[in-house]
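> So here's final.txt, just compact mmCIF, C-alpha atoms:
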```txt
# COMPACT_ATOMS: atom_id res chain seq x y z
CA MET A 1 -33.69 24.64 13.25
CA ARG A 2 -33.75 22.60 10.09
CA ASN A 3 -32.52 25.58 8.04
CA ILE A 4 -29.60 26.11 10.43
CA PHE A 5 -28.66 22.43 10.12
CA MET A 6 -28.85 22.61 6.31
CA GLU A 7 -26.71 25.73 6.22
CA LYS A 8 -24.01 24.19 8.44
CA SER A 9 -24.05 21.01 6.38
CA LYS A 10 -23.69 23.02 3.18
CA ALA A 11 -20.82 25.04 4.69
CA GLY A 12 -19.09 21.83 5.76
CA VAL A 13 -19.42 20.33 2.28
CA ASN A 14 -18.11 23.53 0.68
CA LEU A 15 -15.12 23.52 3.04
CA LEU A 16 -14.36 19.90 2.18
CA VAL A 17 -14.62 20.60 -1.56
CA ARG A 18 -12.35 23.64 -1.20
CA ASP A 19 -9.74 21.64 0.73
CA LEU A 20 -9.80 18.82 -1.80
CA SER A 21 -9.45 21.34 -4.61
CA ARG A 22 -6.42 22.91 -2.92
CA LEU A 23 -4.84 19.50 -2.39
CA TRP A 24 -5.46 18.58 -6.03
CA ARG A 25 -3.88 21.77 -7.37
CA ALA A 26 -0.84 21.37 -5.11
CA GLY A 27 -0.38 17.76 -6.21
CA ALA A 28 -1.04 16.38 -2.73
CA VAL A 29 -3.74 14.06 -4.03
CA HIS A 30 -1.35 12.67 -6.62
CA ILE A 31 1.51 12.17 -4.17
CA SER A 32 -0.81 10.69 -1.55
CA THR A 33 -2.27 8.32 -4.13
CA SER A 34 1.20 7.23 -5.26
CA GLN A 35 2.35 6.66 -1.67
CA TRP A 36 -0.85 4.88 -0.70
CA LEU A 37 -0.74 2.73 -3.83
CA GLY A 38 2.98 2.08 -3.39
CA GLN A 39 2.53 0.99 0.22
CA GLY A 40 -0.57 -0.99 -0.72
CA VAL A 41 1.30 -2.80 -3.48
CA ALA A 42 4.13 -3.45 -1.00
CA ILE A 43 1.68 -5.04 1.44
CA VAL A 44 0.04 -7.23 -1.24
CA GLN A 45 3.53 -8.10 -2.40
CA ARG A 46 4.52 -9.02 1.17
CA ILE A 47 1.41 -11.23 1.47
CA ILE A 48 2.33 -13.16 -1.68
CA LEU A 49 6.04 -13.34 -0.82
CA ALA A 50 5.18 -14.62 2.68
CA ARG A 51 3.22 -17.42 1.03
CA ILE A 52 6.04 -18.19 -1.40
CA LEU A 53 9.13 -17.68 0.77
CA GLY A 54 7.86 -18.27 4.34
CA ALA A 55 8.17 -16.25 7.52
CA ALA A 56 11.92 -16.88 7.99
CA ASN A 57 12.85 -15.48 4.57
CA ILE A 58 10.57 -12.49 5.18
CA GLY A 59 12.67 -11.93 8.31
CA HIS A 60 15.87 -11.94 6.23
CA ILE A 61 14.35 -9.39 3.82
CA ALA A 62 13.22 -7.23 6.75
CA VAL A 63 16.78 -7.06 8.10
CA VAL A 64 18.08 -6.09 4.64
CA ARG A 65 15.47 -3.35 4.23
CA SER A 66 16.06 -1.91 7.70
CA SER A 67 19.84 -1.96 7.21
CA LEU A 68 19.52 -0.32 3.80
CA ALA A 69 17.32 2.43 5.27
CA LEU A 70 20.08 3.21 7.78
CA LEU A 71 22.81 3.15 5.12
CA GLN A 72 20.96 5.61 2.92
CA LEU A 73 21.35 8.28 5.60
CA PRO A 74 25.15 8.75 5.50
CA ALA A 75 25.10 8.00 1.77
CA GLY A 76 22.75 10.94 1.14
CA ALA A 77 24.45 13.09 3.80
CA GLY A 78 21.16 14.85 4.53
CA ILE A 79 21.10 16.88 1.30
CA PHE A 80 17.63 15.83 0.14
CA THR A 81 16.00 18.40 2.44
CA PRO A 82 18.22 21.37 1.45
CA ILE A 83 17.85 20.52 -2.25
CA THR A 84 14.05 20.74 -2.04
CA LYS A 85 14.28 23.87 0.11
CA LEU A 86 16.79 25.73 -2.12
CA VAL A 87 15.03 24.78 -5.34
CA ALA A 88 11.68 25.98 -3.93
CA GLU A 89 13.22 29.26 -2.75
CA ASN A 90 14.61 29.87 -6.27
CA SER A 91 11.37 29.03 -8.06
CA MET A 92 11.81 31.97 -10.48
CA ASP A 93 15.51 31.37 -11.22
CA ASN A 94 16.12 28.38 -13.47
CA GLU A 95 19.91 28.78 -13.46
CA ALA A 96 20.01 28.76 -9.65
CA GLN A 97 17.91 25.61 -9.58
CA ILE A 98 20.29 23.84 -11.97
CA ASN A 99 23.24 24.88 -9.77
CA VAL A 100 21.52 23.38 -6.75
CA PHE A 101 20.76 20.16 -8.59
CA ALA A 102 24.26 19.71 -10.06
CA THR A 103 25.92 20.46 -6.72
CA GLY A 104 23.75 17.91 -4.92
CA PHE A 105 24.16 15.34 -7.70
CA TRP A 106 27.96 15.27 -7.75
CA PHE A 107 28.27 15.58 -3.99
CA ALA A 108 25.94 12.58 -3.57
CA ILE A 109 28.00 10.48 -5.97
CA CYS A 110 31.04 11.03 -3.74
CA THR A 111 29.33 10.37 -0.40
CA SER A 112 27.30 7.35 -1.53
CA SER A 113 30.27 5.68 -3.21
CA VAL A 114 32.40 6.04 -0.06
CA VAL A 115 29.61 4.69 2.17
CA ALA A 116 29.01 1.74 -0.21
CA LEU A 117 32.70 0.81 -0.22
CA ILE A 118 33.11 1.04 3.56
CA THR A 119 29.90 -0.95 4.14
CA LEU A 120 30.99 -3.69 1.76
CA ILE A 121 34.33 -4.06 3.54
CA ILE A 122 32.59 -4.23 6.94
CA LEU A 123 30.06 -6.79 5.74
CA ARG A 124 32.72 -9.08 4.26
CA THR A 125 35.15 -8.87 7.18
CA THR A 126 32.89 -8.79 10.28
CA SER A 127 29.62 -10.25 11.56
CA LEU A 128 28.07 -6.90 12.49
CA ILE A 129 24.75 -8.23 11.14
CA ALA A 130 24.05 -11.51 12.89
CA ASP A 131 21.76 -12.82 10.11
CA GLU A 132 24.22 -14.39 7.64
CA ILE A 133 21.72 -14.68 4.78
CA ALA A 134 20.69 -11.04 5.16
CA ARG A 135 24.36 -10.06 5.25
CA ASP A 136 25.01 -11.78 1.91
CA LEU A 137 21.99 -10.14 0.27
CA LEU A 138 22.97 -6.71 1.56
CA SER A 139 26.55 -7.17 0.26
CA VAL A 140 25.15 -7.22 -3.29
CA ILE A 141 22.55 -4.47 -2.92
CA VAL A 142 24.97 -2.01 -1.32
CA LEU A 143 26.93 -1.90 -4.60
CA PHE A 144 23.96 -0.07 -6.12
CA LEU A 145 23.59 2.39 -3.25
CA PRO A 146 24.78 5.39 -5.35
CA LEU A 147 21.92 4.84 -7.83
CA ILE A 148 19.38 4.72 -4.98
CA ILE A 149 20.68 8.01 -3.60
CA LEU A 150 20.81 9.74 -6.99
CA SER A 151 17.19 8.76 -7.64
CA GLU A 152 16.28 10.48 -4.36
CA ILE A 153 18.29 13.56 -5.39
CA ILE A 154 16.27 13.84 -8.61
CA SER A 155 13.00 13.30 -6.74
CA SER A 156 13.92 16.06 -4.24
CA PHE A 157 14.73 18.42 -7.11
CA LEU A 158 11.36 17.72 -8.77
CA ALA A 159 9.59 18.22 -5.43
CA GLY A 160 11.23 21.64 -5.04
CA GLN A 161 9.86 22.53 -8.48
CA GLN A 162 6.45 21.28 -7.25
CA ARG A 163 6.23 18.73 -10.07
CA MET A 164 4.25 16.42 -7.83
CA ARG A 165 2.21 14.80 -10.59
CA LEU A 166 5.35 13.69 -12.38
CA ILE A 167 6.81 12.19 -9.19
CA ALA A 168 3.52 10.41 -8.54
CA LYS A 169 3.40 9.02 -12.06
CA VAL A 170 6.92 7.59 -11.82
CA ARG A 171 6.30 6.08 -8.39
CA ILE A 172 3.03 4.44 -9.42
CA SER A 173 4.58 3.00 -12.59
CA LEU A 174 7.57 1.58 -10.72
CA SER A 175 5.38 0.09 -7.98
CA LEU A 176 2.97 -1.70 -10.30
CA ALA A 177 5.60 -3.00 -12.71
CA GLY A 178 7.91 -4.06 -9.86
CA PHE A 179 5.08 -5.97 -8.20
CA VAL A 180 4.58 -8.23 -11.20
CA SER A 181 8.27 -8.98 -11.67
CA ILE A 182 9.14 -9.62 -8.01
CA VAL A 183 6.35 -12.17 -7.57
CA PHE A 184 7.37 -13.98 -10.75
CA LEU A 185 11.11 -14.04 -9.98
CA SER A 186 10.62 -14.99 -6.32
CA TYR A 187 8.39 -17.87 -7.32
CA LEU A 188 11.06 -19.14 -9.73
CA TRP A 189 14.26 -18.53 -7.71
CA GLY A 190 13.23 -17.73 -4.12
CA LEU A 191 15.42 -15.19 -2.32
CA ARG A 192 17.77 -15.03 -5.31
CA GLY A 193 14.83 -13.92 -7.47
CA TRP A 194 13.94 -11.22 -4.92
CA LEU A 195 17.53 -9.96 -5.06
CA VAL A 196 17.65 -9.89 -8.88
CA ASN A 197 14.37 -7.98 -9.00
CA HIS A 198 15.46 -5.44 -6.37
CA VAL A 199 18.72 -4.65 -8.14
CA GLY A 200 17.05 -4.49 -11.55
CA TRP A 201 14.45 -1.97 -10.45
CA VAL A 202 17.04 0.19 -8.68
CA MET A 203 18.86 0.58 -12.00
CA LEU A 204 15.71 1.06 -14.08
CA GLY A 205 14.22 3.52 -11.58
CA PHE A 206 17.33 5.71 -11.75
CA CYS A 207 17.24 5.74 -15.56
CA ILE A 208 13.56 6.74 -15.58
CA TYR A 209 14.07 9.58 -13.10
CA LEU A 210 17.10 10.82 -15.03
CA ALA A 211 15.12 10.83 -18.29
CA TYR A 212 12.27 12.82 -16.72
CA VAL A 213 14.36 15.50 -14.99
CA GLY A 214 14.78 17.13 -18.40
CA ILE A 215 18.00 19.13 -17.85
CA LYS A 216 21.67 18.81 -18.74
CA ILE A 217 23.73 18.18 -15.63
CA PRO A 218 26.74 20.54 -15.53
CA LEU A 219 30.07 18.87 -14.76
CA ARG A 220 30.69 21.07 -11.73
CA TRP A 221 29.32 22.08 -8.36
CA ASN A 222 28.86 25.52 -6.87
CA PRO A 223 30.97 26.08 -3.70
CA GLN A 224 28.55 28.64 -2.25
CA VAL A 225 25.55 26.40 -2.83
CA LEU A 226 27.44 23.41 -1.43
CA SER A 227 28.39 25.38 1.68
CA ARG A 228 24.77 26.29 2.43
CA MET A 229 23.59 22.81 1.51
CA ILE A 230 26.03 21.23 3.95
CA ARG A 231 25.20 23.76 6.68
CA ILE A 232 21.52 22.82 6.51
CA GLY A 233 22.15 19.22 5.49
CA VAL A 234 24.40 18.26 8.39
CA PHE A 235 21.58 18.60 10.87
CA ALA A 236 19.08 17.23 8.35
CA PHE A 237 21.26 14.13 8.07
CA LEU A 238 21.57 13.80 11.82
CA GLY A 239 17.85 14.37 12.27
CA GLN A 240 16.94 11.82 9.60
CA SER A 241 19.41 9.40 11.14
CA VAL A 242 17.86 9.49 14.58
CA GLY A 243 14.39 9.41 13.00
CA THR A 244 15.22 6.28 11.03
CA ILE A 245 16.72 4.69 14.12
CA LEU A 246 13.44 5.45 15.85
CA LEU A 247 11.53 3.50 13.18
CA GLU A 248 14.01 0.78 12.18
CA PHE A 249 15.93 -0.06 15.34
CA ASP A 250 13.15 -2.27 16.69
CA THR A 251 13.35 -4.70 13.74
CA LEU A 252 17.15 -4.91 13.93
CA CYS A 253 17.01 -5.24 17.72
CA ILE A 254 14.58 -8.16 17.52
CA SER A 255 16.87 -9.87 15.00
CA GLY A 256 19.97 -9.26 17.13
CA ILE A 257 18.48 -10.07 20.57
CA MET A 258 15.95 -12.80 19.82
CA ARG A 259 17.94 -14.39 16.95
CA ASP A 260 14.63 -15.52 15.49
CA ALA A 261 14.03 -14.79 11.78
CA GLU A 262 10.34 -15.72 12.04
CA ALA A 263 9.73 -13.32 14.94
CA THR A 264 11.57 -10.62 12.99
CA GLY A 265 9.34 -11.20 9.96
CA ILE A 266 6.16 -11.22 12.07
CA TYR A 267 7.01 -7.95 13.82
CA ASN A 268 8.30 -6.21 10.69
CA THR A 269 5.07 -7.08 8.87
CA ALA A 270 3.10 -5.35 11.65
CA ALA A 271 5.46 -2.35 11.49
CA MET A 272 5.18 -2.16 7.69
CA ALA A 273 1.38 -2.20 7.91
CA SER A 274 1.40 0.61 10.48
CA GLN A 275 3.63 2.69 8.19
CA GLN A 276 1.09 2.18 5.41
CA LEU A 277 -1.21 4.40 7.44
CA MET A 278 1.33 7.24 7.06
CA ALA A 279 1.11 7.19 3.25
CA LEU A 280 -1.74 9.69 2.91
CA VAL A 281 -0.41 11.93 5.67
CA GLY A 282 3.07 11.83 4.14
CA GLY A 283 1.72 12.69 0.69
CA ILE A 284 0.02 15.83 1.97
CA LEU A 285 3.11 16.94 3.89
CA TYR A 286 5.31 16.29 0.85
CA THR A 287 3.51 19.16 -0.91
CA VAL A 288 3.47 21.36 2.21
CA PHE A 289 7.29 21.54 2.36
CA PRO A 290 7.83 23.81 -0.69
CA TYR A 291 4.88 25.98 0.41
CA VAL A 292 6.49 26.57 3.82
CA ALA A 293 9.91 27.23 2.24
CA LYS A 294 8.41 29.82 -0.11
CA ASN A 295 6.60 31.62 2.74
CA HIS A 296 9.45 31.40 5.24
CA ASN A 297 9.21 35.12 6.13
CA GLU A 298 5.49 35.01 6.99
CA ILE A 299 5.51 33.37 10.43
CA ARG A 300 1.97 34.40 11.37
CA LYS A 301 0.58 32.90 8.17
CA LEU A 302 2.56 29.69 8.72
CA SER A 303 1.35 29.44 12.31
CA GLN A 304 -2.27 29.62 11.20
CA SER A 305 -1.77 27.07 8.44
CA TYR A 306 0.00 24.75 10.90
CA LYS A 307 -2.91 24.82 13.37
CA GLU A 308 -5.43 24.15 10.61
CA LEU A 309 -3.38 21.34 9.09
CA SER A 310 -2.65 19.68 12.45
CA LEU A 311 -6.31 19.54 13.43
CA LYS A 312 -7.49 18.17 10.12
CA LEU A 313 -4.78 15.52 9.94
CA LEU A 314 -5.41 14.48 13.54
CA LEU A 315 -9.10 13.91 12.83
CA PHE A 316 -8.24 12.04 9.66
CA SER A 317 -5.64 9.92 11.47
CA CYS A 318 -8.07 8.97 14.23
CA GLY A 319 -10.67 7.75 11.75
CA LEU A 320 -8.10 5.82 9.72
CA GLY A 321 -6.50 4.29 12.81
CA MET A 322 -9.83 3.09 14.23
CA CYS A 323 -10.72 1.39 10.94
CA ALA A 324 -7.30 -0.32 10.84
CA TRP A 325 -7.66 -1.53 14.45
CA PHE A 326 -10.95 -3.31 13.68
CA VAL A 327 -9.81 -4.74 10.31
CA SER A 328 -6.43 -6.12 11.48
CA PRO A 329 -7.67 -9.57 12.75
CA TRP A 330 -8.89 -10.34 9.23
CA PHE A 331 -5.96 -8.72 7.46
CA PHE A 332 -2.84 -10.43 8.85
CA PRO A 333 -4.02 -14.04 8.28
CA LEU A 334 -3.72 -13.23 4.56
CA PHE A 335 0.07 -13.48 4.98
CA GLY A 336 -0.22 -17.00 6.41
CA TYR A 337 -1.29 -18.52 9.72
CA LYS A 338 1.99 -17.58 11.46
CA PHE A 339 1.32 -13.89 10.80
CA VAL A 340 -1.80 -13.86 12.96
CA ALA A 341 0.71 -12.96 15.68
CA SER A 342 1.30 -9.62 13.88
CA THR A 343 -2.15 -8.36 14.95
CA ALA A 344 -1.26 -7.62 18.59
CA PRO A 345 1.89 -5.50 17.94
CA PHE A 346 0.12 -3.76 15.04
CA ARG A 347 -2.71 -2.58 17.31
CA ILE A 348 -0.14 -1.10 19.69
CA LEU A 349 1.73 0.58 16.82
CA ILE A 350 -1.50 2.31 15.71
CA VAL A 351 -1.14 4.54 18.79
CA GLY A 352 2.34 5.40 17.58
CA PHE A 353 0.86 6.30 14.18
CA PHE A 354 -1.16 9.14 15.75
CA CYS A 355 1.98 10.50 17.41
CA GLN A 356 4.13 10.05 14.32
CA GLY A 357 1.72 11.98 12.12
CA GLN A 358 1.83 15.03 14.38
CA ALA A 359 5.61 14.78 14.76
CA VAL A 360 6.11 14.66 10.99
CA ILE A 361 4.04 17.84 10.55
CA ALA A 362 6.35 19.64 12.98
CA ASN A 363 9.41 18.21 11.21
CA THR A 364 8.15 19.46 7.86
CA TYR A 365 7.89 23.02 9.14
CA LEU A 366 11.23 22.90 10.96
CA ASP A 367 13.12 21.52 7.95
CA ALA A 368 11.49 23.86 5.44
CA LEU A 369 12.44 26.83 7.65
CA GLY A 370 16.06 25.70 7.91
CA ARG A 371 15.90 24.60 11.56
CA THR A 372 17.21 21.10 10.96
CA ASP A 373 19.33 21.58 14.09
CA ILE A 374 16.17 21.56 16.23
CA HIS A 375 14.89 18.53 14.30
CA PHE A 376 18.12 16.71 15.11
CA ALA A 377 18.31 17.67 18.79
CA VAL A 378 14.74 16.54 19.46
CA GLY A 379 15.14 13.39 17.37
CA LEU A 380 18.35 12.46 19.19
CA LEU A 381 16.57 12.44 22.54
CA ALA A 382 13.73 10.35 21.11
CA ALA A 383 16.16 7.89 19.46
CA ILE A 384 18.11 7.42 22.70
CA CYS A 385 14.82 6.75 24.45
CA ASN A 386 13.90 4.20 21.76
CA ILE A 387 17.22 2.37 21.93
CA ILE A 388 17.13 2.10 25.73
CA LEU A 389 13.50 0.93 25.79
CA ASN A 390 14.05 -1.68 23.07
CA ILE A 391 17.04 -3.12 24.90
CA LEU A 392 15.04 -3.25 28.14
CA PHE A 393 11.69 -4.43 26.76
CA ILE A 394 12.55 -6.98 24.04
CA PRO A 395 14.30 -9.55 26.31
CA LYS A 396 11.23 -9.50 28.61
CA TRP A 397 8.29 -9.14 26.24
CA GLY A 398 9.62 -9.94 22.75
CA VAL A 399 7.81 -8.31 19.83
CA MET A 400 5.26 -6.71 22.14
CA GLY A 401 8.09 -5.03 24.01
CA ALA A 402 9.44 -3.65 20.72
CA ALA A 403 6.00 -2.24 19.84
CA TRP A 404 5.59 -0.51 23.21
CA ALA A 405 9.15 0.88 23.03
CA THR A 406 8.37 2.43 19.64
CA VAL A 407 5.05 3.92 20.77
CA ILE A 408 6.49 5.48 23.92
CA SER A 409 9.39 6.93 21.94
CA LEU A 410 7.09 8.37 19.26
CA PHE A 411 4.88 9.98 21.91
CA PHE A 412 7.94 11.54 23.57
CA SER A 413 9.16 12.70 20.16
CA MET A 414 5.81 14.33 19.34
CA LEU A 415 5.73 16.31 22.59
CA LEU A 416 9.28 17.60 22.14
CA ARG A 417 8.78 18.61 18.50
CA GLU A 418 5.52 20.45 19.18
CA ALA A 419 7.12 22.40 22.05
CA ALA A 420 10.22 23.24 19.98
CA LEU A 421 8.24 24.40 16.92
CA HIS A 422 5.92 26.66 18.88
CA TYR A 423 8.69 28.19 21.00
CA PHE A 424 11.55 28.64 18.51
CA ILE A 425 9.53 29.30 15.33
CA PHE A 426 6.08 30.65 16.11
CA TYR A 427 7.09 32.53 19.27
CA LYS A 428 10.69 33.62 18.66
CA GLY A 429 10.66 33.54 14.82
CA ALA A 430 14.12 31.95 14.75
CA ILE A 431 14.44 30.69 11.17
CA GLN A 432 17.44 30.24 8.88
```
Please render this file's structure as structure tokens.

Amino acid sequence: MRNIFMEKSKAGVNLLVRDLSRLWRAGAVHISTSQWLGQGVAIVQRIILARILGAANIGHIAVVRSSLALLQLPAGAGIFTPITKLVAENSMDNEAQINVFATGFWFAICTSSVVALITLIILRTTSLIADEIARDLLSVIVLFLPLIILSEIISSFLAGQQRMRLIAKVRISLSLAGFVSIVFLSYLWGLRGWLVNHVGWVMLGFCIYLAYVGIKIPLRWNPQVLSRMIRIGVFAFLGQSVGTILLEFDTLCISGIMRDAEATGIYNTAAMASQQLMALVGGILYTVFPYVAKNHNEIRKLSQSYKELSLKLLLFSCGLGMCAWFVSPWFFPLFGYKFVASTAPFRILIVGFFCQGQAVIANTYLDALGRTDIHFAVGLLAAICNIILNILFIPKWGVMGAAWATVISLFFSMLLREAALHYFIFYKGAIQ
């Protein structure tokens, strides 16, 4: 009996070592570390800024960040996904990869500049965003939207080349250096210091990414590449849009319905902490995307890898979520006594974290196989559900209503994505 136990234990350890070795070689450990560290730095940064600026100013920043996340969608026009996919598919053709990059680069300059200009006009002529302070901050940041999008274009290109360690190195460097400067400037100049720091690191981050990409950017785009990129990217954009609405609409809805900057800051802090849990999961899936794109013709192999990955990430997510649930009462008081109220919505959002992790796995496979149309259709239904529930729940139950609306929507989204992936991909083999 003892020998059987020892043999199973040894087999389990060997399996764990083999998985960790695979993740290390693929760069998943590096990306996960960079995302975890980046999110961790963001949380420590939020703790310090909450002490310096107060809950109301954290609410203003939350509105800016949520609005910017929505603006990045039309500005990028959904081409991040097709860039990674097309670069990964042409892993042996350097010239084809450069064509993909140049096409995406110049196309993104056009789309992001148009979106930035239209947004600026809307912000200065209407009160679409009820928070006046947030509106003024966003009016400055939106001018640098093209640089934000171009940095993402370069990152997507590097991901398609599977240069995960380089991406991780840049992200870690930017996170750590930005942490020091934002605390210093916010302490000196308050919200103005936060704005100066944000703009400064957007510009510096773009320059660093551009220096590391290591290629000359041709002054042209390829019409055939652009046509395929748009064909895949349209639904990628729509899918990302509804996905972002699913995750960001609650913060904006609290700000618009409750008109309470402190409540917005309290809820957004809970939401940000719950998204920190996705860092390790997201890092692993970041490296899975090019693998799926490369093996797009081997459906049986992909089906097996999906089942294995889903089970392992679910077990990992459960352990991580349980630890976070118990630690939260001691964690949120670090932001200040007002943020103790973040504990209750955070514990609800942990349930959504389990659902989100499984949904993101399905999204990764759908996008890498060119079925961004399915991603969009499922996401649209989930986003509509989220919008309706937020509008119904927030007036009655405040931040708790927003948390429950998000969790229910994420659970609905997970069920739909799982069903769509298994039917359209693993059963019918309908890829593009």
> So, counting all atoms listed in the file, which residue among A:Leu68, A:Val142, A:Ile348, A:Ala77 is closest to Ser274 in chain A?
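Nearest candidate to Ser274 in chain A out of A:Leu68, A:Val142, A:Ile348, A:Ala77: A:Ile348.
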> Output as AutoDock Vina command-line options the centre and edge lengths (Å, one decimal) of the box along x, y and z of the file that holds every listed atom of range 209-225 of chain A after adding 3 Å on each side.

```
--center_x 21.6 --center_y 19.1 --center_z -10.5 --size_x 24.7 --size_y 25.1 --size_z 22.5
```
> Which residues of range 209-251 of chain A have any atom within 12 Å of an atom in range 257-264 of chain A when counting only C-alpha atoms, and what is the closest pair of atoms for each, with the distance in Å to one decimal? Order the rows by chain and rising number and write it as a Markdown table.

```
| residue | atom | partner | partner_atom | distance |
| --- | --- | --- | --- | --- |
| A:Glu248 | CA | A:Thr264 | CA | 11.7 |
| A:Phe249 | CA | A:Ile257 | CA | 11.6 |
| A:Asp250 | CA | A:Thr264 | CA | 9.3 |
| A:Thr251 | CA | A:Thr264 | CA | 6.2 |
```
> From the set A:Ala270, A:Ile425, A:Ser241, A:Ser409, which residue has the shortest atom-to-atom contact distance to Pro333 in chain A, counting all atoms listed in the file?
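Going through A:Ala270, A:Ile425, A:Ser241, A:Ser409 one by one, the smallest distance to Pro333 in chain A is for A:Ala270.
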> At a cut-off of 12 Å, using all atoms listed in the file, what residues contact range 200-215 of chain A? Leave out same-chain residues fewer than 5 positions from it and give the result as a ChimeraX atom specification.
/A:94-95,97-99,101-102,105,140-159,161,163,165-182,185,193-195
> Suppose you want the space between CA of Cys253 in chain A and CA of Ala273 in chain A; what is it in Å?
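It comes out at 18.7 Å.
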> Pick the closest to Ala236 in chain A from A:Gly76, A:Pro218, A:Gly256, A:Pro329: which is it, counting all atoms listed in the file?
A:Gly76
> For the atom pair CA of Cys355 in chain A and CA of Ile47 in chain A, what is the interatomic distance in Å to one decimal place?
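So the answer is 27.0 Å.
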> How many Å separate CA of Ser342 in chain A from CA of Leu128 in chain A?
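Distance between the two atoms: 26.9 Å.
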> Smallest atom-to-atom distance to Ile79 in chain A: which of A:Ser139, A:Ser227, A:Thr125, A:Gln276, using all atoms listed in the file?
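Selected residue with least distance to Ile79 in chain A: A:Ser227.
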> List as a PDB file with C-alpha atoms, in the frame of the given file the residues having at least one atom at most 12 Å from position (4.1, 0.9, 8.9) as given in the file, counting all atoms listed in the file.

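Saved to selection_39.pdb:
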```pdb
ATOM      1  CA  TRP A  36      -0.850   4.880  -0.700  1.00  0.00           C
ATOM      2  CA  GLN A  39       2.530   0.990   0.220  1.00  0.00           C
ATOM      3  CA  GLY A  40      -0.570  -0.990  -0.720  1.00  0.00           C
ATOM      4  CA  ALA A  42       4.130  -3.450  -1.000  1.00  0.00           C
ATOM      5  CA  ILE A  43       1.680  -5.040   1.440  1.00  0.00           C
ATOM      6  CA  LEU A 247      11.530   3.500  13.180  1.00  0.00           C
ATOM      7  CA  GLU A 248      14.010   0.780  12.180  1.00  0.00           C
ATOM      8  CA  THR A 251      13.350  -4.700  13.740  1.00  0.00           C
ATOM      9  CA  TYR A 267       7.010  -7.950  13.820  1.00  0.00           C
ATOM     10  CA  ASN A 268       8.300  -6.210  10.690  1.00  0.00           C
ATOM     11  CA  THR A 269       5.070  -7.080   8.870  1.00  0.00           C
ATOM     12  CA  ALA A 270       3.100  -5.350  11.650  1.00  0.00           C
ATOM     13  CA  ALA A 271       5.460  -2.350  11.490  1.00  0.00           C
ATOM     14  CA  MET A 272       5.180  -2.160   7.690  1.00  0.00           C
ATOM     15  CA  ALA A 273       1.380  -2.200   7.910  1.00  0.00           C
ATOM     16  CA  SER A 274       1.400   0.610  10.480  1.00  0.00           C
ATOM     17  CA  GLN A 275       3.630   2.690   8.190  1.00  0.00           C
ATOM     18  CA  GLN A 276       1.090   2.180   5.410  1.00  0.00           C
ATOM     19  CA  LEU A 277      -1.210   4.400   7.440  1.00  0.00           C
ATOM     20  CA  MET A 278       1.330   7.240   7.060  1.00  0.00           C
ATOM     21  CA  ALA A 279       1.110   7.190   3.250  1.00  0.00           C
ATOM     22  CA  GLY A 282       3.070  11.830   4.140  1.00  0.00           C
ATOM     23  CA  GLY A 321      -6.500   4.290  12.810  1.00  0.00           C
ATOM     24  CA  ALA A 324      -7.300  -0.320  10.840  1.00  0.00           C
ATOM     25  CA  SER A 342       1.300  -9.620  13.880  1.00  0.00           C
ATOM     26  CA  PRO A 345       1.890  -5.500  17.940  1.00  0.00           C
ATOM     27  CA  PHE A 346       0.120  -3.760  15.040  1.00  0.00           C
ATOM     28  CA  ARG A 347      -2.710  -2.580  17.310  1.00  0.00           C
ATOM     29  CA  ILE A 348      -0.140  -1.100  19.690  1.00  0.00           C
ATOM     30  CA  LEU A 349       1.730   0.580  16.820  1.00  0.00           C
ATOM     31  CA  ILE A 350      -1.500   2.310  15.710  1.00  0.00           C
ATOM     32  CA  VAL A 351      -1.140   4.540  18.790  1.00  0.00           C
ATOM     33  CA  GLY A 352       2.340   5.400  17.580  1.00  0.00           C
ATOM     34  CA  PHE A 353       0.860   6.300  14.180  1.00  0.00           C
ATOM     35  CA  PHE A 354      -1.160   9.140  15.750  1.00  0.00           C
ATOM     36  CA  GLN A 356       4.130  10.050  14.320  1.00  0.00           C
ATOM     37  CA  GLY A 357       1.720  11.980  12.120  1.00  0.00           C
ATOM     38  CA  ALA A 403       6.000  -2.240  19.840  1.00  0.00           C
ATOM     39  CA  THR A 406       8.370   2.430  19.640  1.00  0.00           C
TER      40      THR A 406
END
```
> In terms of the shortest atom-to-atom distance over only C-alpha atoms, which of A:Thr244, A:Gln224, A:Asn57, A:Ser413 is closest to Ala69 in chain A?
A:Thr244
> Measuring atom to atom with all atoms listed in the file, identify which of A:Ala362, A:Val234, A:Ala341, A:Ile109 is nearest to Ser310 in chain A.
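Nearest candidate to Ser310 in chain A out of A:Ala362, A:Val234, A:Ala341, A:Ile109: A:Ala362.
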> Need the neighbours of (22.0, 16.4, 16.6): which residues are at most 10 Å away, counting only C-alpha atoms, as number ranges by chain?
A: 234-242, 372-381
